[in-house]
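Reproduced below: my_file_8.cif, with mmCIF, C-alpha atoms and all ligand atoms.
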data_final
loop_
_atom_site.label_atom_id
_atom_site.label_comp_id
_atom_site.auth_asym_id
_atom_site.auth_seq_id
_atom_site.Cartn_x
_atom_site.Cartn_y
_atom_site.Cartn_z
CA MET A 291 -6.91 4.34 -56.00
CA SER A 292 -3.31 4.74 -57.11
CA LEU A 293 -0.59 2.42 -55.88
CA ALA A 294 1.00 5.24 -53.86
CA ALA A 295 -2.34 5.99 -52.17
CA ARG A 296 -2.89 2.32 -51.35
CA VAL A 297 0.61 1.94 -49.91
CA GLY A 298 0.10 5.14 -47.93
CA THR A 299 -3.21 3.92 -46.53
CA LEU A 300 -1.61 0.61 -45.58
CA ILE A 301 1.25 2.33 -43.78
CA VAL A 302 -1.11 4.64 -41.87
CA ALA A 303 -3.32 1.68 -40.87
CA PHE A 304 -0.26 -0.30 -39.76
CA LEU A 305 1.05 2.58 -37.68
CA ALA A 306 -2.36 3.06 -36.04
CA VAL A 307 -2.43 -0.60 -34.97
CA ALA A 308 1.19 -0.38 -33.76
CA VAL A 309 0.36 2.67 -31.62
CA ILE A 310 -2.66 0.93 -30.08
CA VAL A 311 -0.65 -2.21 -29.30
CA ALA A 312 2.16 -0.12 -27.76
CA PHE A 313 -0.36 1.77 -25.62
CA VAL A 314 -1.98 -1.45 -24.36
CA VAL A 315 1.39 -3.04 -23.52
CA ILE A 316 2.81 0.04 -21.79
CA HIS A 317 -0.36 1.12 -20.01
CA TYR A 318 -1.72 -2.24 -18.89
CA PHE A 319 1.33 -4.50 -18.64
CA LEU A 320 4.31 -2.28 -17.90
CA GLY A 321 2.54 0.68 -16.32
CA GLY A 322 2.41 -0.60 -12.73
CA PRO A 323 3.24 1.58 -9.77
CA PRO A 324 6.91 2.46 -9.23
CA THR A 325 9.13 0.62 -6.75
CA VAL A 326 10.16 2.75 -3.78
CA ASP A 327 13.77 1.85 -3.05
CA TYR A 328 14.94 1.63 0.55
CA THR A 329 18.18 -0.22 -0.19
CA ALA A 330 20.50 2.73 -0.81
CA ASN A 331 23.56 2.84 1.50
CA VAL A 332 22.47 -0.28 3.40
CA THR A 333 24.53 -3.48 3.34
CA PRO A 334 22.23 -6.53 3.32
CA ASP A 335 22.40 -9.21 6.05
CA THR A 336 23.98 -6.88 8.60
CA GLY A 337 20.86 -6.20 10.66
CA ALA A 338 21.13 -2.53 9.73
CA THR A 339 17.97 -0.50 10.31
CA VAL A 340 15.80 0.76 7.49
CA HIS A 341 13.09 3.35 8.21
CA ILE A 342 9.96 3.13 6.07
CA THR A 343 7.01 5.53 6.21
CA MET A 344 3.63 4.78 4.68
CA GLN A 345 0.10 6.09 4.99
CA GLU A 346 -3.35 4.71 4.32
CA ALA A 347 -5.93 7.11 2.98
CA PRO A 348 -9.73 6.98 2.56
CA VAL A 349 -9.44 8.37 -0.98
CA ASN A 350 -7.03 8.28 -3.87
CA THR A 351 -7.50 11.55 -5.69
CA VAL A 352 -4.19 11.16 -7.54
CA SER A 353 -5.43 8.15 -9.55
CA THR A 354 -8.27 7.31 -11.89
CA HIS A 355 -10.06 5.74 -8.89
CA PRO A 356 -10.51 8.73 -6.58
CA ASP A 357 -12.95 6.88 -4.29
CA TRP A 358 -10.71 3.85 -3.70
CA VAL A 359 -8.93 3.45 -0.38
CA SER A 360 -5.19 3.33 -0.78
CA TYR A 361 -1.76 3.05 0.74
CA PHE A 362 1.04 5.48 -0.15
CA ILE A 363 4.79 5.12 0.48
CA ARG A 364 7.13 8.02 1.23
CA SER A 365 10.19 8.11 -0.96
CA PRO A 366 13.40 8.15 1.12
CA GLN A 367 15.06 10.12 -1.68
CA THR A 368 12.52 12.91 -2.30
CA HIS A 369 10.42 12.60 0.89
CA GLN A 370 7.36 12.85 -1.36
CA TRP A 371 4.41 10.47 -1.08
CA VAL A 372 4.41 7.96 -3.91
CA HIS A 373 1.20 6.28 -5.04
CA SER A 374 2.59 2.76 -4.83
CA THR A 375 2.54 -0.36 -2.68
CA ILE A 376 5.83 -1.77 -3.97
CA PHE A 377 8.95 -1.21 -1.92
CA LYS A 378 12.42 -2.68 -1.96
CA VAL A 379 14.43 -3.50 1.17
CA PRO A 380 17.77 -5.17 1.87
CA ALA A 381 17.65 -8.79 3.09
CA GLY A 382 18.50 -9.53 6.71
CA SER A 383 17.77 -6.02 7.95
CA ARG A 384 15.65 -4.49 10.68
CA ILE A 385 12.68 -2.64 9.22
CA ASP A 386 11.31 0.18 11.38
CA MET A 387 7.88 0.91 9.94
CA THR A 388 5.74 3.96 10.55
CA ILE A 389 2.24 3.93 9.07
CA ILE A 390 0.02 6.97 9.40
CA GLY A 391 -3.63 5.90 9.39
CA TYR A 392 -6.09 8.41 7.96
CA ASP A 393 -8.97 6.10 7.03
CA GLY A 394 -12.10 5.33 9.05
CA CYS A 395 -12.99 1.90 10.43
CA THR A 396 -14.38 -1.28 8.87
CA PRO A 397 -14.96 -4.41 11.01
CA LEU A 398 -12.63 -7.34 10.27
CA ARG A 399 -14.29 -10.50 8.94
CA ASN A 400 -12.25 -12.51 11.42
CA PRO A 401 -11.14 -10.98 14.72
CA TYR A 402 -7.98 -13.07 14.42
CA TRP A 403 -6.63 -10.46 12.02
CA GLY A 404 -6.82 -7.90 14.82
CA ARG A 405 -3.83 -9.62 16.44
CA VAL A 406 -0.30 -8.32 15.98
CA THR A 407 2.00 -11.09 14.76
CA GLY A 408 5.43 -11.46 13.21
CA VAL A 409 6.94 -8.26 14.58
CA ILE A 410 9.82 -7.64 16.98
CA GLY A 411 8.50 -7.57 20.55
CA ASN A 412 5.14 -9.03 19.45
CA ALA A 413 3.50 -5.61 19.58
CA GLU A 414 2.86 -2.45 17.62
CA TYR A 415 2.70 1.06 19.06
CA VAL A 416 -0.41 3.14 18.37
CA ASP A 417 0.37 6.80 19.04
CA GLY A 418 3.18 5.49 21.24
CA LYS A 419 1.01 3.05 23.21
CA ARG A 420 1.99 -0.63 23.13
CA VAL A 421 -0.76 -2.78 21.59
CA THR A 422 -0.86 -6.52 20.88
CA GLN A 423 -4.41 -6.66 19.50
CA LEU A 424 -7.11 -4.31 18.20
CA ASN A 425 -10.73 -5.37 18.56
CA SER A 426 -12.51 -4.15 15.44
CA TRP A 427 -15.91 -5.47 16.62
CA SER A 428 -16.22 -3.90 20.07
CA GLY A 429 -15.35 -0.41 18.96
CA CYS A 430 -14.84 -0.37 15.17
CA THR A 431 -11.30 0.87 15.58
CA VAL A 432 -9.48 -0.81 12.71
CA ALA A 433 -9.09 0.85 9.31
CA HIS A 434 -6.82 -1.60 7.48
CA THR A 435 -4.16 -4.16 8.18
CA PHE A 436 -0.59 -4.39 6.95
CA SER A 437 -0.01 -8.11 6.45
CA ILE A 438 2.85 -10.08 4.85
CA PRO A 439 1.64 -13.73 4.88
CA GLY A 440 5.07 -15.06 3.81
CA ILE A 441 6.63 -14.01 7.12
CA ASN A 442 3.47 -14.38 9.25
CA LEU A 443 3.33 -10.63 9.78
CA ASN A 444 -0.02 -9.01 10.59
CA VAL A 445 -0.47 -5.54 12.01
CA PRO A 446 -3.90 -3.88 12.33
CA MET A 447 -4.09 -0.13 11.72
CA GLU A 448 -6.14 1.83 14.23
CA SER A 449 -8.59 4.34 12.72
CA PRO A 450 -9.41 7.85 13.91
CA THR A 451 -12.43 7.89 16.25
CA LEU A 452 -15.95 7.75 14.85
CA ALA A 453 -16.53 11.27 16.19
CA GLN A 454 -13.55 12.51 14.15
CA THR A 455 -14.98 10.97 10.98
CA VAL A 456 -17.97 13.29 11.45
CA LYS A 457 -16.10 16.34 12.65
CA PRO A 458 -13.71 17.56 11.33
CA GLY A 459 -14.24 14.71 8.82
CA LEU A 460 -11.77 12.35 7.20
CA CYS A 461 -9.13 13.38 4.71
CA SER A 462 -10.73 14.07 1.32
CA THR A 463 -7.64 14.75 -0.82
CA ALA A 464 -4.80 12.21 -1.03
CA PRO A 465 -2.10 11.95 -0.01
CA CYS A 466 -3.43 13.08 3.36
CA THR A 467 -1.61 15.55 5.59
CA PRO A 468 -1.17 15.74 9.37
CA ASN A 469 -4.01 18.31 9.51
CA ASN A 470 -6.41 15.42 8.87
CA PRO A 471 -7.51 13.11 11.74
CA HIS A 472 -5.05 10.24 12.01
CA GLU A 473 -3.35 7.64 14.17
CA VAL A 474 0.33 6.74 14.00
CA MET A 475 1.33 3.07 14.04
CA THR A 476 4.94 2.01 14.53
CA PHE A 477 6.38 -1.50 14.58
CA SER A 478 9.56 -3.31 13.61
CA PHE A 479 10.30 -6.58 11.90
CA ASN A 480 13.24 -8.38 10.34
CA SER A 481 13.33 -8.59 6.58
CA PRO A 482 13.84 -12.19 5.38
CA LYS A 483 17.33 -13.44 4.60
CA THR A 484 15.97 -15.09 1.45
CA PRO A 485 15.65 -12.62 -1.43
CA GLY A 486 12.41 -12.53 -3.37
CA ALA A 487 9.09 -10.78 -3.75
CA TYR A 488 7.01 -10.99 -0.59
CA PHE A 489 3.39 -10.25 -1.33
CA TRP A 490 1.59 -8.06 1.20
CA GLN A 491 -2.02 -7.09 1.57
CA CYS A 492 -4.73 -5.53 3.73
CA ARG A 493 -7.19 -7.96 5.28
CA ILE A 494 -10.05 -5.56 5.95
CA PRO A 495 -12.82 -5.93 3.32
CA CYS A 496 -12.32 -2.27 2.45
CA GLY A 497 -13.27 -2.38 -1.25
CA GLY A 498 -16.46 -0.36 -0.83
CA GLY A 499 -18.98 -0.97 -3.62
CA PHE A 500 -17.55 -4.40 -4.53
CA ILE A 501 -19.01 -7.81 -3.69
CA ASP A 502 -17.93 -8.77 -0.16
CA GLY A 503 -15.63 -5.73 -0.12
CA PHE A 504 -12.74 -7.74 -1.54
CA GLY A 505 -12.70 -6.36 -5.09
CA GLY A 506 -11.37 -3.12 -6.53
CA PRO A 507 -8.62 -1.65 -4.34
CA MET A 508 -8.28 -4.89 -2.37
CA GLN A 509 -6.97 -6.74 -5.39
CA THR A 510 -5.10 -3.96 -7.13
CA ILE A 511 -1.37 -3.34 -6.74
CA GLY A 512 -0.90 0.28 -5.72
CA PHE A 513 -3.95 0.36 -3.44
CA MET A 514 -4.48 -2.36 -0.79
CA THR A 515 -2.02 -4.97 -2.01
CA GLY A 516 1.61 -4.85 -3.02
CA ASN A 517 5.04 -6.40 -2.87
CA MET A 518 8.00 -6.14 -0.55
CA GLU A 519 11.00 -6.90 -2.75
CA VAL A 520 13.86 -8.29 -0.68
CA VAL A 521 17.31 -8.05 -2.27
CA SER A 522 20.78 -9.10 -1.16
CU CU B 601 -7.71 -2.04 3.55
#

Structure re-expressed in structure tokens:
Amino acid sequence: MSLAARVGTLIVAFLAVAVIVAFVVIHYFLGGPPTVDYTANVTPDTGATVHITMQEAPVNTVSTHPDWVSYFIRSPQTHQWVHSTIFKVPAGSRIDMTIIGYDGCTPLRNPYWGRVTGVIGNAEYVDGKRVTQLNSWSGCTVAHTFSIPGINLNVPMESPTLAQTVKPGLCSTAPCTPNNPHEVMTFSFNSPKTPGAYFWQCRIPCGGGFIDGFGGPMQTIGFMTGNMEVVS
């Protein structure tokens, strides 16, 4: 082999490795879900109100895991559903949260997580009705929870009725639309005054097909766990 051919082969091999390394870094380390920004036009630490809309869906047909349960966040800029569980809010603000629940029920491991904690007024509103606790054992009515352990916040999400999961059937293409059976949860809480990343999660063992239900979507950012980034 001539010198030129050997140098050429070396360069091609080097470039191939470089491309693979770049793909691994970008895809697996930098390729997380986007951050949905709710801080525009809001001055932190003024108690101003921020409106956030999310949904939980029984499927995630926009990802490589179409059968994983998932949360979505609505972008305040485009009003489109974003496949992400990372959102950014101003510190010291009032967060008015609306979560549209499209998924069916799974019993909680501990009925304690059916209690509403850490929110203004100590209650959530399910389709407008004030609720301080959902019993996921007596009626299998809880689909997921929205829980931020760092501020002791826990809010169970009511599921559509069991009859609705049979007919007309749950949403099968995500993000779901109001034509699909759903419940609407609203609640408010104060964002912390201390900036930082506040981890949040669902506490229902909703990772179907995984040991104890706590694998897969339950431990993956963008599905059943995420971050509330608080900035000042
Ligand atoms: Cu869940």

(request) Name the residues, using the chain letters and numbers of the file, that sit within 9 Å of (3.1, 1.9, -9.4) when counting all atoms listed in the file, and give them as a count of residues only. (result) 12

(request) Residues up to 7 Å from ligand CU 601 (chain B), counting only C-alpha atoms and all ligand atoms: could you list those as a count of residues only? (result) 11

(request) Identify which of the residues A:Ala308, A:Val432, A:Ala347, A:Ala381 lies closest to Pro507 of chain A, counting all atoms listed in the file when measuring atom-to-atom distances. (result)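 Closest to Pro507 of chain A, using all atoms listed in the file: A:Ala347.
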
(request) Find the residues around Thr422 of chain A up to 8 Å (only C-alpha atoms counted), leave out those fewer than 4 positions away in its own chain, and share them as a ChimeraX atom specification. (result) /A:405-406,412-414

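Atom CA of Val311 of chain A is positioned 26.5 Å from atom CA of Gly516 of chain A.
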
As an mmCIF file, keeping the file's coordinate frame, could you write out segment 373-395 of chain A once it has been completed with N, CA and C atoms?
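File part.cif, as written:
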data_model
loop_
_atom_site.group_PDB
_atom_site.id
_atom_site.type_symbol
_atom_site.label_atom_id
_atom_site.label_comp_id
_atom_site.auth_asym_id
_atom_site.auth_seq_id
_atom_site.Cartn_x
_atom_site.Cartn_y
_atom_site.Cartn_z
ATOM 1 N N HIS A 373 2.356 7.161 -4.959
ATOM 2 C CA HIS A 373 1.200 6.280 -5.040
ATOM 3 C C HIS A 373 1.663 4.910 -5.501
ATOM 4 N N SER A 374 2.082 4.095 -4.531
ATOM 5 C CA SER A 374 2.590 2.760 -4.830
ATOM 6 C C SER A 374 2.482 1.901 -3.583
ATOM 7 N N THR A 375 2.484 0.588 -3.794
ATOM 8 C CA THR A 375 2.540 -0.360 -2.680
ATOM 9 C C THR A 375 3.703 -1.332 -2.874
ATOM 10 N N ILE A 376 4.662 -0.931 -3.718
ATOM 11 C CA ILE A 376 5.830 -1.770 -3.970
ATOM 12 C C ILE A 376 7.046 -1.087 -3.381
ATOM 13 N N PHE A 377 7.737 -1.785 -2.480
ATOM 14 C CA PHE A 377 8.950 -1.210 -1.920
ATOM 15 C C PHE A 377 10.037 -2.259 -1.849
ATOM 16 N N LYS A 378 11.265 -1.782 -1.904
ATOM 17 C CA LYS A 378 12.420 -2.680 -1.960
ATOM 18 C C LYS A 378 13.277 -2.472 -0.720
ATOM 19 N N VAL A 379 13.619 -3.589 -0.052
ATOM 20 C CA VAL A 379 14.430 -3.500 1.170
ATOM 21 C C VAL A 379 15.585 -4.485 1.091
ATOM 22 N N PRO A 380 16.670 -4.219 1.835
ATOM 23 C CA PRO A 380 17.770 -5.170 1.870
ATOM 24 C C PRO A 380 17.404 -6.397 2.722
ATOM 25 N N ALA A 381 17.877 -7.562 2.314
ATOM 26 C CA ALA A 381 17.650 -8.790 3.090
ATOM 27 C C ALA A 381 18.344 -8.677 4.440
ATOM 28 N N GLY A 382 17.839 -9.438 5.418
ATOM 29 C CA GLY A 382 18.500 -9.530 6.710
ATOM 30 C C GLY A 382 18.689 -8.200 7.409
ATOM 31 N N SER A 383 17.683 -7.345 7.320
ATOM 32 C CA SER A 383 17.770 -6.020 7.950
ATOM 33 C C SER A 383 16.613 -5.844 8.925
ATOM 34 N N ARG A 384 16.749 -4.838 9.777
ATOM 35 C CA ARG A 384 15.650 -4.490 10.680
ATOM 36 C C ARG A 384 14.842 -3.392 10.009
ATOM 37 N N ILE A 385 13.549 -3.637 9.850
ATOM 38 C CA ILE A 385 12.680 -2.640 9.220
ATOM 39 C C ILE A 385 11.896 -1.923 10.321
ATOM 40 N N ASP A 386 12.115 -0.641 10.475
ATOM 41 C CA ASP A 386 11.310 0.180 11.380
ATOM 42 C C ASP A 386 10.223 0.850 10.542
ATOM 43 N N MET A 387 8.992 0.444 10.774
ATOM 44 C CA MET A 387 7.880 0.910 9.940
ATOM 45 C C MET A 387 7.032 1.917 10.690
ATOM 46 N N THR A 388 6.717 2.997 10.025
ATOM 47 C CA THR A 388 5.740 3.960 10.550
ATOM 48 C C THR A 388 4.614 4.051 9.522
ATOM 49 N N ILE A 389 3.388 3.805 9.963
ATOM 50 C CA ILE A 389 2.240 3.930 9.070
ATOM 51 C C ILE A 389 1.254 4.915 9.686
ATOM 52 N N ILE A 390 0.959 5.956 8.930
ATOM 53 C CA ILE A 390 0.020 6.970 9.400
ATOM 54 C C ILE A 390 -1.357 6.591 8.864
ATOM 55 N N GLY A 391 -2.307 6.394 9.773
ATOM 56 C CA GLY A 391 -3.630 5.900 9.390
ATOM 57 C C GLY A 391 -4.653 7.028 9.343
ATOM 58 N N TYR A 392 -5.123 7.326 8.134
ATOM 59 C CA TYR A 392 -6.090 8.410 7.960
ATOM 60 C C TYR A 392 -7.504 7.894 7.680
ATOM 61 N N ASP A 393 -7.656 6.589 7.460
ATOM 62 C CA ASP A 393 -8.970 6.100 7.030
ATOM 63 C C ASP A 393 -9.837 5.711 8.229
ATOM 64 N N GLY A 394 -11.142 5.732 8.024
ATOM 65 C CA GLY A 394 -12.100 5.330 9.050
ATOM 66 C C GLY A 394 -12.169 3.816 9.166
ATOM 67 N N CYS A 395 -13.015 3.322 10.069
ATOM 68 C CA CYS A 395 -12.990 1.900 10.430
ATOM 69 C C CYS A 395 -13.915 1.048 9.554
#
